[in-house]
>>> print(open('run-v4.cif').read())   # mmCIF, C-alpha atoms
data_work
loop_
_atom_site.label_atom_id
_atom_site.label_comp_id
_atom_site.auth_asym_id
_atom_site.auth_seq_id
_atom_site.Cartn_x
_atom_site.Cartn_y
_atom_site.Cartn_z
CA MET E 1 10.14 2.99 -1.31
CA ARG E 2 9.99 2.82 2.46
CA VAL E 3 7.12 1.86 4.78
CA GLN E 4 6.84 2.92 8.42
CA VAL E 5 5.27 0.15 10.49
CA ASP E 6 3.74 0.29 13.96
CA PRO E 7 4.01 -2.82 16.12
CA PRO E 8 3.25 -5.52 15.46
CA THR E 9 3.13 -5.07 11.66
CA ALA E 10 0.51 -2.48 10.68
CA PRO E 11 1.77 -0.12 7.96
CA ARG E 12 1.17 3.54 8.92
CA THR E 13 3.15 5.66 6.46
CA LEU E 14 4.35 5.08 2.90
CA TYR E 15 7.34 7.01 1.54
CA TRP E 16 7.33 6.91 -2.25
CA GLY E 17 10.07 9.04 -3.76
CA LYS E 18 9.73 12.43 -2.06
CA ARG E 19 6.08 11.81 -1.19
CA ARG E 20 4.94 10.94 2.33
CA ILE E 21 1.56 9.20 2.32
CA THR E 22 -0.28 8.57 5.57
CA ILE E 23 -2.16 5.27 5.50
CA VAL E 24 -5.75 5.76 6.66
CA GLU E 25 -7.11 2.25 6.11
CA VAL E 26 -5.89 -1.31 5.68
CA ILE E 27 -8.49 -2.63 3.24
CA ASP E 28 -7.27 -6.22 3.04
CA GLN E 29 -4.24 -8.41 3.55
CA TRP E 30 -3.27 -11.89 2.51
CA TYR E 31 -0.27 -14.15 2.81
CA GLY E 32 1.93 -16.09 0.44
CA PRO E 33 5.01 -18.21 1.10
CA GLY E 34 7.48 -15.74 2.60
CA TYR E 35 5.33 -12.73 1.67
CA ARG E 36 2.50 -10.65 3.05
CA TYR E 37 0.38 -8.47 0.78
CA VAL E 38 -1.43 -5.43 2.13
CA LYS E 39 -4.06 -3.40 0.27
CA ILE E 40 -4.20 0.09 1.74
CA LYS E 41 -5.89 3.43 1.22
CA GLY E 42 -3.77 6.54 1.64
CA TYR E 43 -4.74 9.96 2.93
CA ASP E 44 -4.49 11.02 -0.73
CA ARG E 45 -7.49 8.67 -1.35
CA ASN E 46 -5.43 6.45 -3.65
CA VAL E 47 -5.25 2.67 -3.25
CA TYR E 48 -1.95 0.78 -3.03
CA ILE E 49 -1.03 -2.88 -2.82
CA LEU E 50 2.24 -3.47 -0.98
CA ARG E 51 4.20 -6.71 -0.64
CA PHE E 52 6.32 -7.37 2.41
CA ASP E 53 9.16 -9.83 1.85
CA GLN E 54 9.49 -11.48 5.25
CA ILE E 55 12.84 -13.06 4.47
CA HIS E 56 14.57 -9.86 3.31
CA ASP E 57 12.49 -7.48 5.47
CA THR E 58 11.67 -5.28 2.46
CA TRP E 59 8.52 -3.65 1.04
CA ASP E 60 7.60 -3.35 -2.65
CA LEU E 61 4.83 -1.41 -4.35
CA ILE E 62 2.84 -3.92 -6.41
CA MET E 63 -0.11 -1.82 -7.56
CA PHE E 64 -1.21 1.81 -7.46
CA SER E 65 -4.68 3.10 -8.32
CA SER E 66 -5.33 6.83 -8.43
CA GLU E 67 -8.72 8.26 -7.55
CA ARG E 68 -8.08 10.89 -10.22
CA ALA E 69 -7.69 8.33 -13.02
CA PRO E 70 -10.54 8.51 -15.53
CA ARG E 71 -13.23 5.89 -15.08
CA LEU E 72 -13.98 3.60 -17.98
CA SER E 73 -17.54 3.64 -19.21
CA THR E 74 -19.34 0.31 -19.24
CA GLY E 75 -21.74 1.57 -21.89
CA ALA E 76 -24.71 0.93 -19.59
CA ALA E 77 -27.17 3.76 -19.35
#
>>> encode(input="run-v4.cif", output="structure tokens")
Amino acid sequence: MRVQVDPPTAPRTLYWGKRRITIVEVIDQWYGPGYRYVKIKGYDRNVYILRFDQIHDTWDLIMFSSERAPRLSTGAA
């Protein structure tokens, strides 16, 4: 996985395998010791959580949520 970043550190494009996903929104971000987590929404309307390792200058995909995934029913009517 590769992430294209615009200065200073805003992710703009996610390359996942052969897919190129334009990032349309940074939903949230938070920091840990040596890491930065970024929750983003892609042009494909899916949500991703990425982790940036500041020491090794690498990105990892932590979570992926597809808009097309079936929703679970809460049983409430």
>>> resolve_selection(input="run-v4.cif", expression="the PyMOL selection byres ((chain E and resi 26) around 12)", output="list in words")
Thr9, Ala10, Pro11, Arg12, Thr13, Thr22, Ile23, Val24, Glu25, Ile27, Asp28, Gln29, Trp30, Tyr37, Val38, Lys39, Ile40, Lys41, Gly42, Tyr43, Val47, Tyr48, Ile49 and Leu50 of chain E
>>> resolve_selection(input="run-v4.cif", expression="the PyMOL selection byres ((chain E and resi 55) around 10)", output="number ranges by chain")
E: 33-35, 52-54, 56-58
>>> resolve_selection(input="run-v4.cif", expression="the PyMOL selection byres ((chain E and resi 61) around 9)", output="PDB file with C-alpha atoms, in the frame of the given file")
ATOM      1  CA  MET E   1      10.140   2.990  -1.310  1.00  0.00           C
ATOM      2  CA  TRP E  16       7.330   6.910  -2.250  1.00  0.00           C
ATOM      3  CA  TYR E  48      -1.950   0.780  -3.030  1.00  0.00           C
ATOM      4  CA  ILE E  49      -1.030  -2.880  -2.820  1.00  0.00           C
ATOM      5  CA  LEU E  50       2.240  -3.470  -0.980  1.00  0.00           C
ATOM      6  CA  ARG E  51       4.200  -6.710  -0.640  1.00  0.00           C
ATOM      7  CA  TRP E  59       8.520  -3.650   1.040  1.00  0.00           C
ATOM      8  CA  ASP E  60       7.600  -3.350  -2.650  1.00  0.00           C
ATOM      9  CA  ILE E  62       2.840  -3.920  -6.410  1.00  0.00           C
ATOM     10  CA  MET E  63      -0.110  -1.820  -7.560  1.00  0.00           C
ATOM     11  CA  PHE E  64      -1.210   1.810  -7.460  1.00  0.00           C
TER      12      PHE E  64
END
>>> atom_distance(input="run-v4.cif", atom1="atom CA of Asp44 of chain E", atom2="atom CA of Gly32 of chain E")
27.9 Å
>>> closest_residue(input="run-v4.cif", among="E:Arg19, E:Arg36, E:Arg68, E:Arg45", to="Arg2 of chain E", atoms="all atoms listed in the file")
E:Arg19
>>> decode(input="run-v4.cif", residues="segment 8-19 of chain E", atoms="all heavy atoms", output="mmCIF file, in the first residue's frame")
data_model
loop_
_atom_site.group_PDB
_atom_site.id
_atom_site.type_symbol
_atom_site.label_atom_id
_atom_site.label_comp_id
_atom_site.auth_asym_id
_atom_site.auth_seq_id
_atom_site.Cartn_x
_atom_site.Cartn_y
_atom_site.Cartn_z
ATOM 1 N N PRO E 8 1.398 19.856 4.259
ATOM 2 C CA PRO E 8 2.467 19.233 5.023
ATOM 3 C C PRO E 8 2.282 17.724 5.181
ATOM 4 O O PRO E 8 3.231 16.984 5.033
ATOM 5 C CB PRO E 8 2.416 19.935 6.363
ATOM 6 C CG PRO E 8 1.009 20.384 6.514
ATOM 7 C CD PRO E 8 0.494 20.638 5.104
ATOM 8 N N THR E 9 1.092 17.234 5.511
ATOM 9 C CA THR E 9 0.931 15.784 5.683
ATOM 10 C C THR E 9 -0.495 15.321 5.418
ATOM 11 O O THR E 9 -0.968 14.379 6.038
ATOM 12 C CB THR E 9 1.323 15.360 7.109
ATOM 13 O OG1 THR E 9 0.550 16.119 8.046
ATOM 14 C CG2 THR E 9 2.797 15.518 7.369
ATOM 15 N N ALA E 10 -1.196 15.944 4.520
ATOM 16 C CA ALA E 10 -2.577 15.552 4.231
ATOM 17 C C ALA E 10 -2.603 14.468 3.160
ATOM 18 O O ALA E 10 -2.161 14.692 2.042
ATOM 19 C CB ALA E 10 -3.379 16.768 3.771
ATOM 20 N N PRO E 11 -3.109 13.272 3.493
ATOM 21 C CA PRO E 11 -3.187 12.219 2.474
ATOM 22 C C PRO E 11 -4.180 12.596 1.377
ATOM 23 O O PRO E 11 -5.258 13.104 1.658
ATOM 24 C CB PRO E 11 -3.648 10.991 3.249
ATOM 25 C CG PRO E 11 -4.203 11.478 4.531
ATOM 26 C CD PRO E 11 -3.633 12.830 4.771
ATOM 27 N N ARG E 12 -3.798 12.384 0.109
ATOM 28 C CA ARG E 12 -4.650 12.759 -1.026
ATOM 29 C C ARG E 12 -5.056 11.574 -1.890
ATOM 30 O O ARG E 12 -6.121 11.566 -2.464
ATOM 31 C CB ARG E 12 -3.944 13.797 -1.904
ATOM 32 C CG ARG E 12 -3.733 15.102 -1.242
ATOM 33 C CD ARG E 12 -5.066 15.776 -1.017
ATOM 34 N NE ARG E 12 -4.862 16.962 -0.195
ATOM 35 C CZ ARG E 12 -5.697 17.342 0.747
ATOM 36 N NH1 ARG E 12 -6.778 16.670 1.000
ATOM 37 N NH2 ARG E 12 -5.447 18.405 1.453
ATOM 38 N N THR E 13 -4.182 10.574 -1.975
ATOM 39 C CA THR E 13 -4.465 9.408 -2.815
ATOM 40 C C THR E 13 -3.954 8.155 -2.120
ATOM 41 O O THR E 13 -2.864 8.148 -1.557
ATOM 42 C CB THR E 13 -3.782 9.547 -4.194
ATOM 43 O OG1 THR E 13 -4.132 10.805 -4.762
ATOM 44 C CG2 THR E 13 -4.227 8.444 -5.132
ATOM 45 N N LEU E 14 -4.759 7.084 -2.178
ATOM 46 C CA LEU E 14 -4.399 5.801 -1.608
ATOM 47 C C LEU E 14 -4.248 4.814 -2.751
ATOM 48 O O LEU E 14 -5.125 4.712 -3.607
ATOM 49 C CB LEU E 14 -5.513 5.354 -0.653
ATOM 50 C CG LEU E 14 -5.481 3.923 -0.125
ATOM 51 C CD1 LEU E 14 -4.244 3.696 0.734
ATOM 52 C CD2 LEU E 14 -6.745 3.647 0.681
ATOM 53 N N TYR E 15 -3.120 4.129 -2.799
ATOM 54 C CA TYR E 15 -2.888 3.073 -3.784
ATOM 55 C C TYR E 15 -2.923 1.752 -3.038
ATOM 56 O O TYR E 15 -2.072 1.486 -2.197
ATOM 57 C CB TYR E 15 -1.541 3.264 -4.478
ATOM 58 C CG TYR E 15 -1.478 4.540 -5.281
ATOM 59 C CD1 TYR E 15 -1.031 5.728 -4.706
ATOM 60 C CD2 TYR E 15 -1.871 4.559 -6.616
ATOM 61 C CE1 TYR E 15 -0.983 6.900 -5.445
ATOM 62 C CE2 TYR E 15 -1.827 5.729 -7.349
ATOM 63 C CZ TYR E 15 -1.382 6.896 -6.752
ATOM 64 O OH TYR E 15 -1.342 8.054 -7.482
ATOM 65 N N TRP E 16 -3.920 0.933 -3.344
ATOM 66 C CA TRP E 16 -4.121 -0.332 -2.646
ATOM 67 C C TRP E 16 -4.167 -1.427 -3.701
ATOM 68 O O TRP E 16 -5.136 -1.563 -4.435
ATOM 69 C CB TRP E 16 -5.415 -0.267 -1.859
ATOM 70 C CG TRP E 16 -5.696 -1.425 -0.964
ATOM 71 C CD1 TRP E 16 -4.819 -2.389 -0.559
ATOM 72 C CD2 TRP E 16 -6.938 -1.743 -0.358
ATOM 73 N NE1 TRP E 16 -5.439 -3.278 0.270
ATOM 74 C CE2 TRP E 16 -6.747 -2.908 0.412
ATOM 75 C CE3 TRP E 16 -8.195 -1.165 -0.380
ATOM 76 C CZ2 TRP E 16 -7.762 -3.497 1.140
ATOM 77 C CZ3 TRP E 16 -9.209 -1.756 0.354
ATOM 78 C CH2 TRP E 16 -8.990 -2.897 1.103
ATOM 79 N N GLY E 17 -3.086 -2.178 -3.808
ATOM 80 C CA GLY E 17 -2.955 -3.131 -4.901
ATOM 81 C C GLY E 17 -2.912 -2.351 -6.210
ATOM 82 O O GLY E 17 -2.144 -1.418 -6.357
ATOM 83 N N LYS E 18 -3.779 -2.702 -7.143
ATOM 84 C CA LYS E 18 -3.842 -1.988 -8.424
ATOM 85 C C LYS E 18 -4.866 -0.853 -8.396
ATOM 86 O O LYS E 18 -5.044 -0.166 -9.393
ATOM 87 C CB LYS E 18 -4.182 -2.957 -9.541
ATOM 88 C CG LYS E 18 -3.083 -3.967 -9.781
ATOM 89 C CD LYS E 18 -3.394 -4.854 -10.953
ATOM 90 C CE LYS E 18 -2.240 -5.828 -11.168
ATOM 91 N NZ LYS E 18 -2.408 -6.596 -12.375
ATOM 92 N N ARG E 19 -5.534 -0.684 -7.267
ATOM 93 C CA ARG E 19 -6.555 0.362 -7.157
ATOM 94 C C ARG E 19 -5.940 1.695 -6.759
ATOM 95 O O ARG E 19 -5.053 1.767 -5.919
ATOM 96 C CB ARG E 19 -7.594 -0.029 -6.103
ATOM 97 C CG ARG E 19 -8.386 -1.254 -6.483
ATOM 98 C CD ARG E 19 -9.406 -1.599 -5.441
ATOM 99 N NE ARG E 19 -10.337 -0.492 -5.277
ATOM 100 C CZ ARG E 19 -11.036 -0.284 -4.179
ATOM 101 N NH1 ARG E 19 -10.919 -1.074 -3.150
ATOM 102 N NH2 ARG E 19 -11.862 0.739 -4.111
#
